[in-house]
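final-v1.txt follows (compact mmCIF, C-alpha atoms and all ligand atoms):
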# COMPACT_ATOMS: atom_id res chain seq x y z
CA MET A 1 -7.59 16.38 14.46
CA ALA A 2 -7.85 12.63 14.79
CA ASP A 3 -5.92 10.99 17.59
CA PHE A 4 -3.89 8.06 16.31
CA GLY A 5 -2.44 7.27 19.71
CA VAL A 6 -5.26 4.81 20.39
CA LYS A 7 -4.51 2.58 23.36
CA THR A 8 -5.02 -1.14 22.95
CA LEU A 9 -7.50 -2.92 25.20
CA GLU A 10 -5.47 -6.09 25.45
CA ALA A 11 -5.26 -7.59 28.91
CA GLY A 12 -1.52 -8.16 29.07
CA LEU A 13 -1.43 -10.37 25.98
CA ASP A 14 2.12 -10.98 24.81
CA PHE A 15 1.86 -11.42 21.05
CA SER A 16 5.62 -11.83 20.74
CA ARG A 17 5.27 -15.32 22.19
CA LEU A 18 3.18 -16.57 19.28
CA PRO A 19 5.03 -19.11 17.12
CA TYR A 20 3.09 -17.81 14.11
CA TRP A 21 0.17 -15.49 13.24
CA ASP A 22 -3.13 -16.86 11.97
CA VAL A 23 -3.45 -14.00 9.49
CA VAL A 24 -1.00 -11.37 8.25
CA ILE A 25 -2.60 -8.55 6.25
CA ILE A 26 -0.61 -6.28 3.96
CA GLY A 27 -1.94 -2.71 4.01
CA ALA A 28 -3.98 -0.70 6.55
CA GLY A 29 -6.35 0.89 4.02
CA PRO A 30 -10.13 0.27 4.04
CA ALA A 31 -9.77 -3.32 2.76
CA GLY A 32 -7.00 -4.30 5.19
CA LEU A 33 -8.65 -2.71 8.24
CA ALA A 34 -12.01 -4.38 7.48
CA ALA A 35 -10.29 -7.75 6.95
CA GLY A 36 -8.32 -7.29 10.16
CA LEU A 37 -11.17 -6.47 12.44
CA THR A 38 -13.22 -9.33 10.96
CA SER A 39 -10.53 -11.96 11.52
CA ALA A 40 -9.64 -10.59 14.97
CA HIS A 41 -13.32 -10.61 15.99
CA ARG A 42 -13.20 -14.32 15.25
CA ALA A 43 -10.25 -14.66 17.62
CA LEU A 44 -7.67 -15.20 14.89
CA THR A 45 -4.33 -13.66 15.78
CA THR A 46 -4.07 -10.86 13.26
CA LEU A 47 -1.19 -8.62 12.23
CA ILE A 48 -1.44 -5.71 9.77
CA VAL A 49 1.76 -4.52 8.12
CA GLU A 50 1.52 -0.98 6.73
CA ALA A 51 4.20 0.76 4.70
CA LYS A 52 3.23 4.24 5.81
CA GLY A 53 3.39 5.71 9.29
CA ARG A 54 -0.39 5.93 9.73
CA PRO A 55 -3.45 3.79 8.98
CA GLY A 56 -6.23 4.62 6.51
CA GLY A 57 -4.87 4.16 2.96
CA GLN A 58 -6.11 6.50 0.23
CA PRO A 59 -8.83 8.25 2.32
CA GLN A 60 -6.12 9.21 4.80
CA PHE A 61 -3.32 10.09 2.40
CA LEU A 62 -5.07 11.32 -0.71
CA TYR A 63 -8.28 12.98 0.50
CA ALA A 64 -8.16 13.37 4.28
CA ASP A 65 -10.36 16.52 4.25
CA LYS A 66 -12.83 15.46 1.59
CA ARG A 67 -16.34 14.70 2.88
CA ILE A 68 -17.20 11.21 1.64
CA VAL A 69 -20.92 11.07 0.95
CA ASP A 70 -21.48 7.61 -0.51
CA ILE A 71 -21.02 5.52 2.61
CA PRO A 72 -24.31 4.21 3.99
CA GLY A 73 -25.08 5.41 7.50
CA PHE A 74 -23.37 8.81 7.22
CA PRO A 75 -26.06 11.16 5.81
CA GLU A 76 -23.84 14.22 6.40
CA GLY A 77 -20.81 12.46 5.00
CA ILE A 78 -17.54 11.77 6.81
CA THR A 79 -14.00 12.95 6.09
CA GLY A 80 -11.32 10.54 4.91
CA GLU A 81 -9.34 11.21 8.06
CA GLU A 82 -12.21 10.58 10.46
CA LEU A 83 -13.27 7.43 8.66
CA SER A 84 -9.67 6.15 8.85
CA GLU A 85 -9.40 6.98 12.52
CA ARG A 86 -12.70 5.28 13.38
CA THR A 87 -11.93 2.10 11.45
CA TYR A 88 -8.45 1.94 12.92
CA ARG A 89 -9.81 2.35 16.48
CA GLN A 90 -12.29 -0.46 15.83
CA ALA A 91 -9.48 -2.74 14.62
CA VAL A 92 -7.32 -1.89 17.64
CA ASN A 93 -10.23 -2.64 19.95
CA ALA A 94 -10.61 -6.02 18.26
CA LEU A 95 -6.94 -6.67 19.19
CA VAL A 96 -5.49 -6.40 15.69
CA GLN A 97 -1.74 -5.75 15.98
CA PHE A 98 -0.03 -3.23 13.72
CA ARG A 99 3.45 -2.66 12.32
CA PHE A 100 3.78 0.76 10.68
CA ASP A 101 6.56 1.99 8.38
CA GLU A 102 7.07 -1.59 7.24
CA GLU A 103 6.87 -2.58 3.62
CA LEU A 104 6.15 -6.03 2.20
CA ILE A 105 9.08 -7.47 0.27
CA ALA A 106 8.23 -11.17 -0.22
CA ILE A 107 5.95 -14.02 0.80
CA ASP A 108 7.92 -17.27 1.05
CA ASP A 109 6.56 -20.79 1.36
CA THR A 110 8.06 -22.78 4.23
CA ASP A 111 8.10 -26.46 5.19
CA ASP A 112 6.65 -25.70 8.63
CA VAL A 113 3.11 -27.01 9.06
CA ALA A 114 0.27 -25.99 11.43
CA SER A 115 -2.86 -28.21 11.26
CA ASP A 116 -2.42 -29.12 7.59
CA ASP A 117 -1.52 -25.55 6.62
CA LYS A 118 1.96 -24.94 5.26
CA LEU A 119 3.11 -21.78 6.98
CA LYS A 120 4.13 -18.76 4.95
CA ARG A 121 6.88 -16.34 5.80
CA VAL A 122 6.02 -12.70 5.19
CA VAL A 123 9.23 -10.75 4.66
CA THR A 124 9.21 -6.98 5.14
CA ASN A 125 12.02 -4.44 4.98
CA ARG A 126 12.32 -4.74 8.77
CA ASP A 127 11.23 -8.19 9.95
CA THR A 128 9.77 -11.58 9.05
CA TYR A 129 6.46 -13.08 10.20
CA LEU A 130 5.34 -16.70 10.01
CA CYS A 131 1.61 -17.10 9.38
CA ARG A 132 -1.11 -19.40 8.10
CA LYS A 133 -2.88 -16.99 5.76
CA VAL A 134 -1.90 -13.77 4.02
CA ILE A 135 -4.38 -11.14 2.83
CA ILE A 136 -2.94 -8.67 0.33
CA ALA A 137 -4.79 -5.33 0.66
CA CYS A 138 -2.12 -2.94 -0.52
CA GLY A 139 -4.02 -0.94 -3.14
CA LEU A 140 -2.57 -0.11 -6.52
CA LEU A 141 -0.26 2.86 -6.55
CA HIS A 142 0.93 4.69 -3.57
CA TYR A 143 4.56 4.85 -3.23
CA PRO A 144 6.20 8.00 -4.33
CA ARG A 145 9.46 6.91 -5.89
CA ARG A 146 12.26 7.79 -3.52
CA LEU A 147 15.75 9.15 -4.10
CA PRO A 148 18.21 7.26 -1.88
CA VAL A 149 20.75 10.09 -2.10
CA LEU A 150 18.22 12.36 -0.36
CA ASP A 151 16.91 9.70 2.04
CA GLU A 152 20.44 9.20 3.36
CA LEU A 153 20.42 12.83 4.48
CA ASN A 154 17.56 11.97 6.84
CA SER A 155 16.23 15.54 6.76
CA ARG A 156 12.69 16.64 7.54
CA ASN A 157 13.15 19.20 4.77
CA VAL A 158 12.96 16.53 2.08
CA HIS A 159 9.32 15.99 1.07
CA TYR A 160 7.68 13.39 -1.16
CA LYS A 161 4.28 15.10 -1.09
CA SER A 162 3.21 18.73 -0.96
CA PRO A 163 4.49 20.35 2.21
CA LYS A 164 2.44 22.87 4.20
CA ILE A 165 2.46 26.41 2.81
CA GLY A 166 4.34 27.78 5.84
CA ASP A 167 7.21 25.35 5.16
CA TYR A 168 8.13 26.87 1.81
CA GLU A 169 6.71 30.40 1.72
CA GLY A 170 9.44 32.84 0.61
CA LYS A 171 12.14 30.14 0.57
CA THR A 172 14.43 28.61 -2.04
CA VAL A 173 13.07 25.21 -2.97
CA ALA A 174 14.49 22.48 -5.21
CA VAL A 175 11.71 20.57 -6.97
CA VAL A 176 12.82 17.26 -8.47
CA GLY A 177 10.92 15.84 -11.44
CA GLY A 178 9.51 16.94 -14.78
CA GLY A 179 5.96 15.56 -14.72
CA ASP A 180 2.75 17.47 -14.01
CA SER A 181 2.91 16.98 -10.24
CA ALA A 182 6.48 18.39 -10.11
CA LEU A 183 5.49 21.37 -12.26
CA ASP A 184 2.43 21.98 -10.06
CA ALA A 185 4.64 21.90 -6.96
CA ALA A 186 7.05 24.40 -8.54
CA LEU A 187 4.18 26.73 -9.43
CA MET A 188 2.77 26.42 -5.94
CA VAL A 189 6.10 27.58 -4.41
CA LEU A 190 6.46 30.45 -6.89
CA GLY A 191 2.92 31.53 -6.08
CA ARG A 192 4.01 31.90 -2.45
CA HIS A 193 7.00 34.14 -3.19
CA GLY A 194 9.47 31.26 -3.16
CA ARG A 195 12.42 30.69 -5.51
CA VAL A 196 12.51 27.43 -7.46
CA HIS A 197 15.19 25.20 -8.94
CA LEU A 198 13.36 22.61 -11.02
CA ILE A 199 15.69 19.62 -11.50
CA VAL A 200 14.67 17.46 -14.45
CA ARG A 201 16.50 14.33 -15.62
CA GLU A 202 15.10 14.52 -19.16
CA SER A 203 16.18 17.06 -21.78
CA GLU A 204 12.69 18.58 -21.58
CA PRO A 205 10.10 18.27 -18.77
CA LEU A 206 7.29 15.86 -19.65
CA GLY A 207 4.56 17.92 -17.95
CA LYS A 208 2.23 20.47 -19.54
CA ALA A 209 4.03 23.05 -21.69
CA ASP A 210 1.86 25.94 -20.48
CA THR A 211 2.64 25.18 -16.82
CA LEU A 212 6.34 25.10 -17.68
CA ALA A 213 6.03 28.46 -19.41
CA ARG A 214 4.33 29.91 -16.32
CA ILE A 215 7.18 28.60 -14.14
CA ARG A 216 9.78 30.24 -16.36
CA ASP A 217 7.78 33.49 -16.49
CA ALA A 218 7.60 33.56 -12.70
CA GLY A 219 11.42 33.26 -12.48
CA GLY A 220 11.73 29.52 -11.82
CA ILE A 221 15.12 28.11 -12.94
CA VAL A 222 14.78 24.89 -14.92
CA HIS A 223 17.82 22.54 -14.89
CA THR A 224 17.29 19.98 -17.65
CA SER A 225 19.36 16.81 -18.28
CA THR A 226 20.38 17.14 -14.64
CA GLU A 227 20.44 14.65 -11.75
CA ILE A 228 21.29 14.96 -8.07
CA GLN A 229 24.62 13.32 -7.22
CA SER A 230 25.04 14.29 -3.59
CA ALA A 231 23.19 15.98 -0.75
CA THR A 232 24.83 17.53 2.31
CA PHE A 233 23.91 20.05 4.98
CA ALA A 234 25.30 23.58 4.58
CA GLY A 235 24.27 25.31 7.78
CA GLU A 236 20.47 25.47 7.80
CA GLU A 237 20.39 24.75 4.07
CA ILE A 238 20.63 21.59 1.98
CA ARG A 239 23.42 21.63 -0.63
CA LEU A 240 22.71 19.52 -3.72
CA GLY A 241 25.60 18.38 -5.92
CA VAL A 242 24.20 18.08 -9.46
CA THR A 243 25.53 16.56 -12.68
CA VAL A 244 25.38 19.85 -14.60
CA GLY A 245 26.59 23.14 -13.09
CA GLY A 246 27.55 24.14 -9.58
CA PRO A 247 25.94 23.02 -6.31
CA LEU A 248 22.44 24.29 -5.50
CA ASP A 249 21.59 25.49 -1.99
CA CYS A 250 17.95 25.31 -0.90
CA SER A 251 15.85 25.27 2.26
CA LEU A 252 13.61 22.46 1.09
CA VAL A 253 13.50 19.70 -1.51
CA ILE A 254 10.21 18.46 -2.96
CA VAL A 255 10.56 15.17 -4.86
CA GLN A 256 7.83 14.34 -7.39
CA ILE A 257 9.24 11.61 -9.60
CA GLY A 258 6.18 9.42 -9.89
CA PHE A 259 4.68 6.44 -8.18
CA LEU A 260 5.93 2.90 -8.03
CA SER A 261 3.50 0.61 -9.76
CA ALA A 262 2.19 -2.12 -7.51
CA LYS A 263 2.69 -4.45 -10.50
CA GLU A 264 6.37 -4.75 -9.55
CA THR A 265 5.36 -6.02 -6.10
CA PHE A 266 2.73 -8.40 -7.49
CA GLU A 267 5.17 -9.91 -10.00
CA ARG A 268 7.81 -10.33 -7.32
CA LEU A 269 5.26 -12.30 -5.26
CA GLY A 270 4.78 -14.75 -8.15
CA LEU A 271 1.03 -14.11 -8.41
CA THR A 272 -1.01 -14.65 -11.57
CA LEU A 273 -2.10 -11.24 -12.85
CA ASN A 274 -4.98 -10.10 -15.06
CA ALA A 275 -4.37 -8.32 -18.38
CA ASP A 276 -4.60 -4.94 -16.59
CA SER A 277 -1.88 -6.05 -14.09
CA SER A 278 -4.33 -6.41 -11.21
CA ILE A 279 -4.20 -9.60 -9.13
CA SER A 280 -6.24 -12.49 -10.43
CA ILE A 281 -8.46 -14.12 -7.78
CA ASP A 282 -11.06 -16.88 -7.55
CA PRO A 283 -14.60 -16.45 -6.11
CA TYR A 284 -13.10 -16.92 -2.63
CA PHE A 285 -10.66 -14.02 -3.10
CA GLU A 286 -7.79 -16.50 -3.14
CA THR A 287 -4.93 -15.77 -5.53
CA SER A 288 -2.99 -18.27 -7.61
CA ARG A 289 -1.00 -19.02 -4.44
CA ARG A 290 -2.89 -21.13 -1.93
CA GLY A 291 -3.50 -19.34 1.36
CA VAL A 292 -2.78 -15.92 -0.15
CA PHE A 293 -5.89 -13.75 -0.62
CA ALA A 294 -6.21 -10.37 -2.38
CA VAL A 295 -8.86 -7.73 -1.68
CA GLY A 296 -9.78 -4.11 -2.46
CA ASP A 297 -8.24 -2.02 -5.21
CA VAL A 298 -5.62 -4.66 -6.03
CA HIS A 299 -8.15 -6.23 -8.37
CA GLY A 300 -11.49 -5.55 -10.00
CA ASP A 301 -13.22 -2.61 -11.61
CA ILE A 302 -15.18 -1.07 -8.76
CA LYS A 303 -12.81 0.93 -6.63
CA LEU A 304 -14.84 2.09 -3.66
CA ILE A 305 -14.37 2.05 0.09
CA THR A 306 -17.51 -0.02 0.67
CA VAL A 307 -16.40 -2.60 -1.92
CA ALA A 308 -12.94 -2.77 -0.33
CA TRP A 309 -14.59 -3.31 3.07
CA ALA A 310 -16.89 -6.04 1.73
CA GLU A 311 -14.02 -7.90 0.07
CA GLY A 312 -11.77 -7.63 3.12
CA ILE A 313 -14.56 -9.04 5.29
CA GLN A 314 -15.26 -11.93 2.92
CA ALA A 315 -11.62 -12.92 2.56
CA ALA A 316 -11.20 -12.84 6.34
CA ILE A 317 -14.21 -15.13 6.74
CA HIS A 318 -12.85 -17.57 4.13
CA ALA A 319 -9.50 -17.55 5.93
CA PHE A 320 -11.33 -18.17 9.22
CA LYS A 321 -13.29 -21.08 7.73
CA GLU A 322 -10.10 -22.68 6.46
CA ILE A 323 -8.35 -22.28 9.77
CA SER A 324 -11.22 -23.38 11.99
CA SER A 325 -13.16 -25.98 9.98
CA PRO A 326 -12.11 -29.58 9.55
CA TYR A 327 -10.73 -30.07 6.06
CA TRP A 328 -13.77 -31.96 4.74
CA LEU A 329 -16.15 -29.18 5.80
CA ASN A 330 -14.41 -26.51 3.83
CA GLU A 331 -16.55 -25.63 0.86
CA LYS A 332 -13.76 -24.62 -1.47
CA ARG A 333 -11.35 -27.44 -0.70
CA LEU A 334 -14.25 -29.86 -0.94
CA ARG A 335 -14.89 -28.61 -4.48
CA ASP A 336 -11.17 -28.85 -5.33
CA ASN A 337 -11.12 -32.28 -3.79
CA LYS A 338 -14.14 -33.41 -5.80
CA ILE A 339 -12.48 -32.30 -9.01
CA ALA A 340 -9.30 -34.15 -8.03
CA LEU A 341 -11.23 -37.33 -7.15
CA ILE A 342 -13.19 -37.30 -10.41
CA GLY A 343 -9.96 -36.64 -12.32
CA GLU A 344 -8.38 -39.60 -10.58
CA LYS A 345 -11.34 -41.86 -11.50
CA ILE A 346 -11.11 -40.81 -15.14
CA SER A 347 -7.38 -41.51 -15.36
CA LYS A 348 -7.82 -44.86 -13.58
CA ALA A 349 -10.48 -45.89 -16.10
CA ALA A 350 -8.23 -44.75 -18.97
CA ARG A 351 -5.29 -46.77 -17.61
CA ALA A 352 -7.51 -49.89 -17.28
CA ARG A 353 -8.73 -49.45 -20.87
CA ASP A 354 -5.12 -49.07 -22.13
CA ARG A 355 -4.15 -52.31 -20.39
CA ARG A 356 -7.08 -54.16 -22.01
CA GLU A 357 -6.19 -52.97 -25.51
C1 LIG B 1 -9.10 11.21 -4.89
C2 LIG B 1 -9.90 9.97 -4.55
C3 LIG B 1 -11.17 10.10 -4.03
C4 LIG B 1 -11.93 8.98 -3.72
N1 LIG B 1 -13.17 9.15 -3.22
C5 LIG B 1 -13.90 8.07 -2.86
C6 LIG B 1 -15.21 8.23 -2.31
O1 LIG B 1 -15.72 9.35 -2.14
N2 LIG B 1 -15.90 7.11 -1.96
C7 LIG B 1 -15.38 5.85 -2.12
O2 LIG B 1 -16.04 4.87 -1.77
N3 LIG B 1 -14.15 5.66 -2.67
C8 LIG B 1 -13.41 6.74 -3.03
N4 LIG B 1 -12.15 6.57 -3.58
C9 LIG B 1 -11.64 5.18 -3.77
C10 LIG B 1 -11.18 4.52 -2.45
O3 LIG B 1 -10.35 5.41 -1.73
C11 LIG B 1 -10.42 3.22 -2.73
O4 LIG B 1 -11.23 2.37 -3.50
C12 LIG B 1 -10.06 2.53 -1.41
O5 LIG B 1 -9.20 3.34 -0.64
C13 LIG B 1 -9.37 1.19 -1.67
O6 LIG B 1 -8.98 0.64 -0.45
P1 LIG B 1 -7.78 -0.44 -0.34
O7 LIG B 1 -7.67 -0.79 1.10
O8 LIG B 1 -7.98 -1.51 -1.33
O9 LIG B 1 -6.47 0.34 -0.82
P2 LIG B 1 -5.76 1.65 -0.29
O10 LIG B 1 -6.73 2.63 0.26
O11 LIG B 1 -4.92 2.07 -1.42
O12 LIG B 1 -4.85 1.15 0.93
C14 LIG B 1 -3.72 0.34 0.71
C15 LIG B 1 -2.75 0.46 1.88
O13 LIG B 1 -1.68 -0.49 1.70
C16 LIG B 1 -0.43 0.14 1.97
N5 LIG B 1 0.60 -0.55 1.19
C17 LIG B 1 0.81 -0.47 -0.15
N6 LIG B 1 1.85 -1.25 -0.54
C18 LIG B 1 2.32 -1.83 0.62
C19 LIG B 1 3.40 -2.71 0.89
N7 LIG B 1 4.18 -3.19 -0.10
N8 LIG B 1 3.62 -3.08 2.18
C20 LIG B 1 2.80 -2.62 3.18
N9 LIG B 1 1.77 -1.76 2.97
C21 LIG B 1 1.52 -1.38 1.70
C22 LIG B 1 -0.65 1.58 1.53
O14 LIG B 1 0.27 2.45 2.17
C23 LIG B 1 -2.09 1.83 1.95
O15 LIG B 1 -2.17 2.32 3.28
C24 LIG B 1 -11.40 7.68 -3.92
C25 LIG B 1 -10.09 7.54 -4.43
C26 LIG B 1 -9.35 8.66 -4.74
C27 LIG B 1 -7.96 8.51 -5.30
Give the structure from this file in structure tokens form.
Amino acid sequence: MADFGVKTLEAGLDFSRLPYWDVVIIGAGPAGLAAGLTSAHRALTTLIVEAKGRPGGQPQFLYADKRIVDIPGFPEGITGEELSERTYRQAVNALVQFRFDEELIAIDDTDDVASDDKLKRVVTNRDTYLCRKVIIACGLLHYPRRLPVLDELNSRNVHYKSPKIGDYEGKTVAVVGGGDSALDAALMVLGRHGRVHLIVRESEPLGKADTLARIRDAGGIVHTSTEIQSATFAGEEIRLGVTVGGPLDCSLVIVQIGFLSAKETFERLGLTLNADSSISIDPYFETSRRGVFAVGDVHGDIKLITVAWAEGIQAAIHAFKEISSPYWLNEKRLRDNKIALIGEKISKAARARDRRE
């Protein structure tokens, strides 16, 4: 089992005294971790904000035990969990700072300036961070939609992904949702001698009809056109108040009501998007907002760990160049500047011609 309690190597550095961060990265998946360790290796103060409680992104959360065989240098392959742990440790050693369980809400422009850079304010659900550059590396779809009425209960018996077999074996479980993943969860519980209340908002579950039939055959009770109104503790059990029928008592609730599309986040950030709702970027990985970069699965066709790494590294180097080079040395700004200067010359000539006519 990987040890995520990695100790930092910092020699008494007090990051809380920084007036702003050089780089704030959103997401501790492959792209964000690679970007972070690259910028931190160049002595940029680097903060990674991660919505989940652990680093690693998809390899950690979606295929921790799978042996990944297409990463150069690992002829026997490496599991998603080990790869995540190793990359995280490398980032910590490079002095990247992390905030877990913190979700990006907004990126605001400010009037504060640091060496020609207008600072940005990264707003999360817990804090705000001033910074010079932002790198968005938050992948495409990860957030299971949550039910506030259940979150308020603050119970470890409410799950948004498949719990361990021992947690539900032989117990009464409420499964919320009517899609394939909810039906699969219900079947999984029934297969382990559990009892199931499947709570579906729609008049008919949207998932596969044959799975639904198997649930019914195995004794699962399907509550259609039903929503959860309240959740309270009843001894060891959770009591759900529902819109149709009496309260339902269960040991565990599994919620499978879909993922939040990252598109909602991208639109809220005011970024130009491609036709497929991914983030549009230029050859420098910069988005339509100056100083905001986007890397990894958030754009592009090739969704691979190595590609996410490569993009994270390149964006971090572009951010580093912008922060450390004098303005006139910066390749991209020089190009932008050239275009602006030529544009200015053309309009000047046009104005002179108009005056003559
Ligand atoms: C089942 C499966 C198997 C795969 N197998 C392979 C393989 O064998 N080899 C391979 O190369 N690739 C594989 N991939 C693809 C690979 O996992 C992805 O391309 C890669 O993880 C993309 O990295 P990323 O950093 O861009 O995004 P992600 O890995 O998605 O990481 C994004 C991180 O950002 C966080 N985040 C999201 N929104 C916010 C927010 N608003 N605020 C803060 N944090 C946020 C997320 O919690 C997550 O930790 C596989 C993918 C899947 C689904």
Which residues are near A:Gly36? Cut-off 9 Å, all atoms listed in the file, ignore same chain within fewer than 5 positions. Put them as a PDB file with C-alpha atoms, keeping the file's coordinate frame.
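Once written, result-v7.pdb looks like this:
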ATOM      1  CA  VAL A  23      -3.450 -14.000   9.490  1.00  0.00           C
ATOM      2  CA  VAL A  24      -1.000 -11.370   8.250  1.00  0.00           C
ATOM      3  CA  ILE A  25      -2.600  -8.550   6.250  1.00  0.00           C
ATOM      4  CA  ALA A  28      -3.980  -0.700   6.550  1.00  0.00           C
ATOM      5  CA  ALA A  31      -9.770  -3.320   2.760  1.00  0.00           C
ATOM      6  CA  HIS A  41     -13.320 -10.610  15.990  1.00  0.00           C
ATOM      7  CA  THR A  46      -4.070 -10.860  13.260  1.00  0.00           C
ATOM      8  CA  LEU A  47      -1.190  -8.620  12.230  1.00  0.00           C
ATOM      9  CA  ILE A  48      -1.440  -5.710   9.770  1.00  0.00           C
ATOM     10  CA  ALA A  91      -9.480  -2.740  14.620  1.00  0.00           C
ATOM     11  CA  ALA A  94     -10.610  -6.020  18.260  1.00  0.00           C
ATOM     12  CA  VAL A  96      -5.490  -6.400  15.690  1.00  0.00           C
ATOM     13  CA  GLN A  97      -1.740  -5.750  15.980  1.00  0.00           C
ATOM     14  CA  GLY A 312     -11.770  -7.630   3.120  1.00  0.00           C
ATOM     15  CA  ILE A 313     -14.560  -9.040   5.290  1.00  0.00           C
ATOM     16  CA  ALA A 316     -11.200 -12.840   6.340  1.00  0.00           C
TER      17      ALA A 316
END
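Here atom CA of A:Phe259 is placed at a distance of 10.3 Å from atom CA of A:Tyr160.
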Proximity to A:Ala231 - best of A:Glu264, A:Asn154, A:Glu202, A:Ser162, only C-alpha atoms: A:Asn154
Separation of atom CA of A:Ile302 from atom CA of A:Val122 in Å: 27.9 Å
Near-ligand residues for ligand LIG 1 (chain B), threshold 7 Å, all atoms listed in the file, as a ChimeraX atom specification: /A:26-32,49-52,55-59,62-63,68-71,102-105,137-142,265,295-298,303-306,308
Kindly export the residues of the current selection with C-alpha atoms, as a PDB file, keeping the file's coordinate frame.
ATOM      1  CA  ILE A  26      -0.610  -6.280   3.960  1.00  0.00           C
ATOM      2  CA  GLY A  27      -1.940  -2.710   4.010  1.00  0.00           C
ATOM      3  CA  ALA A  28      -3.980  -0.700   6.550  1.00  0.00           C
ATOM      4  CA  GLY A  29      -6.350   0.890   4.020  1.00  0.00           C
ATOM      5  CA  PRO A  30     -10.130   0.270   4.040  1.00  0.00           C
ATOM      6  CA  ALA A  31      -9.770  -3.320   2.760  1.00  0.00           C
ATOM      7  CA  GLY A  32      -7.000  -4.300   5.190  1.00  0.00           C
ATOM      8  CA  VAL A  49       1.760  -4.520   8.120  1.00  0.00           C
ATOM      9  CA  GLU A  50       1.520  -0.980   6.730  1.00  0.00           C
ATOM     10  CA  ALA A  51       4.200   0.760   4.700  1.00  0.00           C
ATOM     11  CA  LYS A  52       3.230   4.240   5.810  1.00  0.00           C
ATOM     12  CA  PRO A  55      -3.450   3.790   8.980  1.00  0.00           C
ATOM     13  CA  GLY A  56      -6.230   4.620   6.510  1.00  0.00           C
ATOM     14  CA  GLY A  57      -4.870   4.160   2.960  1.00  0.00           C
ATOM     15  CA  GLN A  58      -6.110   6.500   0.230  1.00  0.00           C
ATOM     16  CA  PRO A  59      -8.830   8.250   2.320  1.00  0.00           C
ATOM     17  CA  LEU A  62      -5.070  11.320  -0.710  1.00  0.00           C
ATOM     18  CA  TYR A  63      -8.280  12.980   0.500  1.00  0.00           C
ATOM     19  CA  ILE A  68     -17.200  11.210   1.640  1.00  0.00           C
ATOM     20  CA  VAL A  69     -20.920  11.070   0.950  1.00  0.00           C
ATOM     21  CA  ASP A  70     -21.480   7.610  -0.510  1.00  0.00           C
ATOM     22  CA  ILE A  71     -21.020   5.520   2.610  1.00  0.00           C
ATOM     23  CA  GLU A 102       7.070  -1.590   7.240  1.00  0.00           C
ATOM     24  CA  GLU A 103       6.870  -2.580   3.620  1.00  0.00           C
ATOM     25  CA  LEU A 104       6.150  -6.030   2.200  1.00  0.00           C
ATOM     26  CA  ILE A 105       9.080  -7.470   0.270  1.00  0.00           C
ATOM     27  CA  ALA A 137      -4.790  -5.330   0.660  1.00  0.00           C
ATOM     28  CA  CYS A 138      -2.120  -2.940  -0.520  1.00  0.00           C
ATOM     29  CA  GLY A 139      -4.020  -0.940  -3.140  1.00  0.00           C
ATOM     30  CA  LEU A 140      -2.570  -0.110  -6.520  1.00  0.00           C
ATOM     31  CA  LEU A 141      -0.260   2.860  -6.550  1.00  0.00           C
ATOM     32  CA  HIS A 142       0.930   4.690  -3.570  1.00  0.00           C
ATOM     33  CA  THR A 265       5.360  -6.020  -6.100  1.00  0.00           C
ATOM     34  CA  VAL A 295      -8.860  -7.730  -1.680  1.00  0.00           C
ATOM     35  CA  GLY A 296      -9.780  -4.110  -2.460  1.00  0.00           C
ATOM     36  CA  ASP A 297      -8.240  -2.020  -5.210  1.00  0.00           C
ATOM     37  CA  VAL A 298      -5.620  -4.660  -6.030  1.00  0.00           C
ATOM     38  CA  LYS A 303     -12.810   0.930  -6.630  1.00  0.00           C
ATOM     39  CA  LEU A 304     -14.840   2.090  -3.660  1.00  0.00           C
ATOM     40  CA  ILE A 305     -14.370   2.050   0.090  1.00  0.00           C
ATOM     41  CA  THR A 306     -17.510  -0.020   0.670  1.00  0.00           C
ATOM     42  CA  ALA A 308     -12.940  -2.770  -0.330  1.00  0.00           C
TER      43      ALA A 308
END
Distance criterion (only C-alpha atoms): nearest to A:Lys321 out of A:Gly343, A:Gly170, A:Gly235, A:Gly291: A:Gly291
Protein/DNA/RNA residues near (8.0, 19.8, -0.6), cut 7 Å, all atoms listed in the file, as a list of chain:residue names: A:Val158, A:His159, A:Tyr160, A:Lys161, A:Ser162, A:Pro163, A:Leu252, A:Val253, A:Ile254, A:Val255
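Relative to atom CA of A:Arg67, atom CA of A:Glu82 is found at 9.6 Å.
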Nearest candidate to A:Trp21 (options A:Arg89, A:Ser39, A:Tyr129, A:Asp249; using all atoms listed in the file): A:Tyr129
Among listed residues A:Ile199, A:Val292, A:Ala275, A:Leu44, nearest A:Leu119 (using all atoms listed in the file): A:Val292
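For the residues A:Leu18, A:Leu130, A:Ala114, A:Leu269, ranking by smallest atom-to-atom distance to A:Glu322 using all atoms listed in the file places A:Ala114 first.
You can rank A:Val242, A:Leu334, A:Ile257, A:Ile323 by their closest distance to A:Arg146 using all atoms listed in the file, and at the top of that list sits A:Ile257.
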Spatial neighbours of A:Pro205, max dist 9 Å, only C-alpha atoms, sep filter under 4 positions, as a ChimeraX atom specification: /A:177-180,183,200-201,209,212,222,224
Distance query A:Lys164 at most 12 Å, all atoms listed in the file, self and fewer than 6 positions along chain excluded, as an NGL selection string: :A and (157 or 185 or 188-189 or 192 or 252 or 254)
Please identify all polymer residues within 12 Å of A:Asp217, counting all atoms listed in the file, omitting same-chain residues fewer than 3 positions from it, and present them as a compact mmCIF listing (two decimals) with C-alpha atoms, in the frame of the given file.
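Result file around08.txt:
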# COMPACT_ATOMS: atom_id res chain seq x y z
CA LEU A 187 4.18 26.73 -9.43
CA LEU A 190 6.46 30.45 -6.89
CA GLY A 191 2.92 31.53 -6.08
CA VAL A 196 12.51 27.43 -7.46
CA ASP A 210 1.86 25.94 -20.48
CA THR A 211 2.64 25.18 -16.82
CA LEU A 212 6.34 25.10 -17.68
CA ALA A 213 6.03 28.46 -19.41
CA ARG A 214 4.33 29.91 -16.32
CA GLY A 220 11.73 29.52 -11.82
CA ILE A 221 15.12 28.11 -12.94
CA VAL A 222 14.78 24.89 -14.92
